[in-house]
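Data block below; observations after.
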Amino acid sequence: MWFRIAVNEKPENVVFLIQNRYNIIRRSAKTYYMSGNIFEVYRNEDYDNFLAENEDGWLYYNTHMDFFPIDDKITVSQEIEIAENIKHFLDSCSLKSEIIFESDEYIT
């Protein structure tokens with residue numbers, strides 16, 4: 001199961017905040033390791049700050065972070081916990097963010 005966190009902030013600012021809050025390891029220019037996941041941070045090609053204010057605004061948020069578990073022992077509930085923890089942190093920084101999961105196992 002993979003998940004995405006869309007954030008309406010520049011990728012470099014998101015990385016800065018995440019690095020200062022969580023124990024992450026940089027693997028390449030856009031790829032990091034955290035809590036049994038590899039994740040990539042990149043600019044959304046469909047970014048549109050005006051459209052980001054609409055009901056489905058997360059589709060147009062500036063940054064996407066895609067998380068892929070690489071530890072076979074990570075459960076779906078652990079992935080949900082990681083995603084919710086990151087979203088809560090981003091919310092506390094007054095950033096708009098949204099969690100998107102690959103399946104219907106998680107419904108808010």
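By order in the structure tokens, chains are A, B, ...; within a chain, residues start at 1; ligands start at 1, following the order shown.
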
Requested in this report: Write out as a list in words which residues come within 9 Å of A:Asp71 when counting only C-alpha atoms, dropping same-chain ones fewer than 5 positions away.
Outcome: Ser35, Gly36 and Asn37 of chain A

Report task. Find the residues around A:Asp56 up to 12 Å (only C-alpha atoms counted), leave out those fewer than 4 positions away in its own chain, and share them as a list in words. Result ->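 Residues meeting the cut-off are Ala6, Asp48, Phe50, Leu51, Ala52, Tyr60, Tyr61, Ser97, Glu98 and Ile100 of chain A.
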
Query raised in the report: Which residues come within 12 Å of A:Ile24, counting only C-alpha atoms, excluding same-chain residues fewer than 6 positions away, as number ranges by chain?
Result: A: 15-18, 31-40

For those residues, write N, CA, C and O atoms to a file as a compact mmCIF listing (two decimals), in the first residue's frame.
# COMPACT_ATOMS: atom_id res chain seq x y z
N VAL A 15 10.32 19.82 2.54
CA VAL A 15 11.47 19.00 2.93
C VAL A 15 12.14 19.59 4.17
O VAL A 15 12.48 18.88 5.11
N PHE A 16 12.34 20.89 4.18
CA PHE A 16 12.97 21.55 5.33
C PHE A 16 12.18 21.25 6.61
O PHE A 16 12.77 20.89 7.64
N LEU A 17 10.88 21.40 6.56
CA LEU A 17 10.05 21.15 7.75
C LEU A 17 10.11 19.69 8.18
O LEU A 17 10.27 19.39 9.37
N ILE A 18 9.97 18.79 7.22
CA ILE A 18 9.99 17.35 7.53
C ILE A 18 11.35 16.96 8.12
O ILE A 18 11.41 16.19 9.09
N THR A 31 14.56 11.88 -3.04
CA THR A 31 14.15 10.65 -2.39
C THR A 31 14.73 10.55 -0.98
O THR A 31 15.90 10.85 -0.77
N TYR A 32 13.88 10.10 -0.05
CA TYR A 32 14.24 10.03 1.36
C TYR A 32 13.75 8.71 1.95
O TYR A 32 12.87 8.06 1.39
N TYR A 33 14.32 8.36 3.10
CA TYR A 33 13.90 7.18 3.85
C TYR A 33 13.36 7.64 5.20
O TYR A 33 13.97 8.49 5.86
N MET A 34 12.23 7.05 5.61
CA MET A 34 11.65 7.38 6.92
C MET A 34 10.72 6.26 7.35
O MET A 34 9.85 5.84 6.59
N SER A 35 10.89 5.76 8.55
CA SER A 35 9.96 4.82 9.18
C SER A 35 9.59 3.64 8.28
O SER A 35 8.42 3.30 8.13
N GLY A 36 10.59 3.02 7.67
CA GLY A 36 10.33 1.86 6.82
C GLY A 36 9.77 2.18 5.46
O GLY A 36 9.30 1.30 4.75
N ASN A 37 9.79 3.45 5.08
CA ASN A 37 9.27 3.91 3.80
C ASN A 37 10.34 4.66 3.02
O ASN A 37 11.16 5.36 3.60
N ILE A 38 10.30 4.49 1.72
CA ILE A 38 11.01 5.39 0.82
C ILE A 38 9.97 6.40 0.37
O ILE A 38 8.84 6.02 0.05
N PHE A 39 10.32 7.67 0.37
CA PHE A 39 9.37 8.65 -0.15
C PHE A 39 10.07 9.65 -1.05
O PHE A 39 11.24 9.95 -0.88
N GLU A 40 9.30 10.09 -2.03
CA GLU A 40 9.79 11.05 -3.00
C GLU A 40 9.00 12.34 -2.85
O GLU A 40 7.79 12.33 -2.68

Query raised in the report: Can you list every residue in chain A that DSSP puts in strand (DSSP E or B), as number ranges by chain?
Result: A: 3-7, 25-26, 31-34, 37-43, 63-69, 97-101

Query raised in the report: Nearest to A:Ser28: which of A:Phe89, A:Trp58, A:Met65, A:Val41 is it, counting only C-alpha atoms?
Result: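 Closest candidate: A:Val41.
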
**Report entry** Best match for closeness to A:Asn49 among A:Lys10, A:Arg21, A:His88, A:Arg4, counting only C-alpha atoms
**Finding:**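 Closest residue, counting only C-alpha atoms: A:Lys10.
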
Query - DSSP-assigned helix (DSSP H, G or I) among chain A, expressed as a ChimeraX atom specification - result: /A:11-21,51-53,57-60,76-92

Report summary line: Restricting to only C-alpha atoms, whichever of A:Val7, A:Cys93, A:Ala29, A:Met1 is closest to A:His64 is A:Val7

Report task. Measure the distance from atom CA of A:Ala83 to atom CA of A:Phe3 in Å and round it to one decimal. Result ->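 Value for the atom CA of A:Ala83-atom CA of A:Phe3 distance: 7.6 Å.
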
Query raised in the report: What does the distance from atom CA of A:Asn23 to atom CA of A:Tyr47 come to in Å, to one decimal?
Result: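 Going from atom CA of A:Asn23 over to atom CA of A:Tyr47 covers 28.0 Å.
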
Requested in this report: In Å, rounded to a single decimal, give me how far atom CA of A:Phe68 is from atom CA of A:Asn20.
Outcome: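 It comes out at 21.0 Å.
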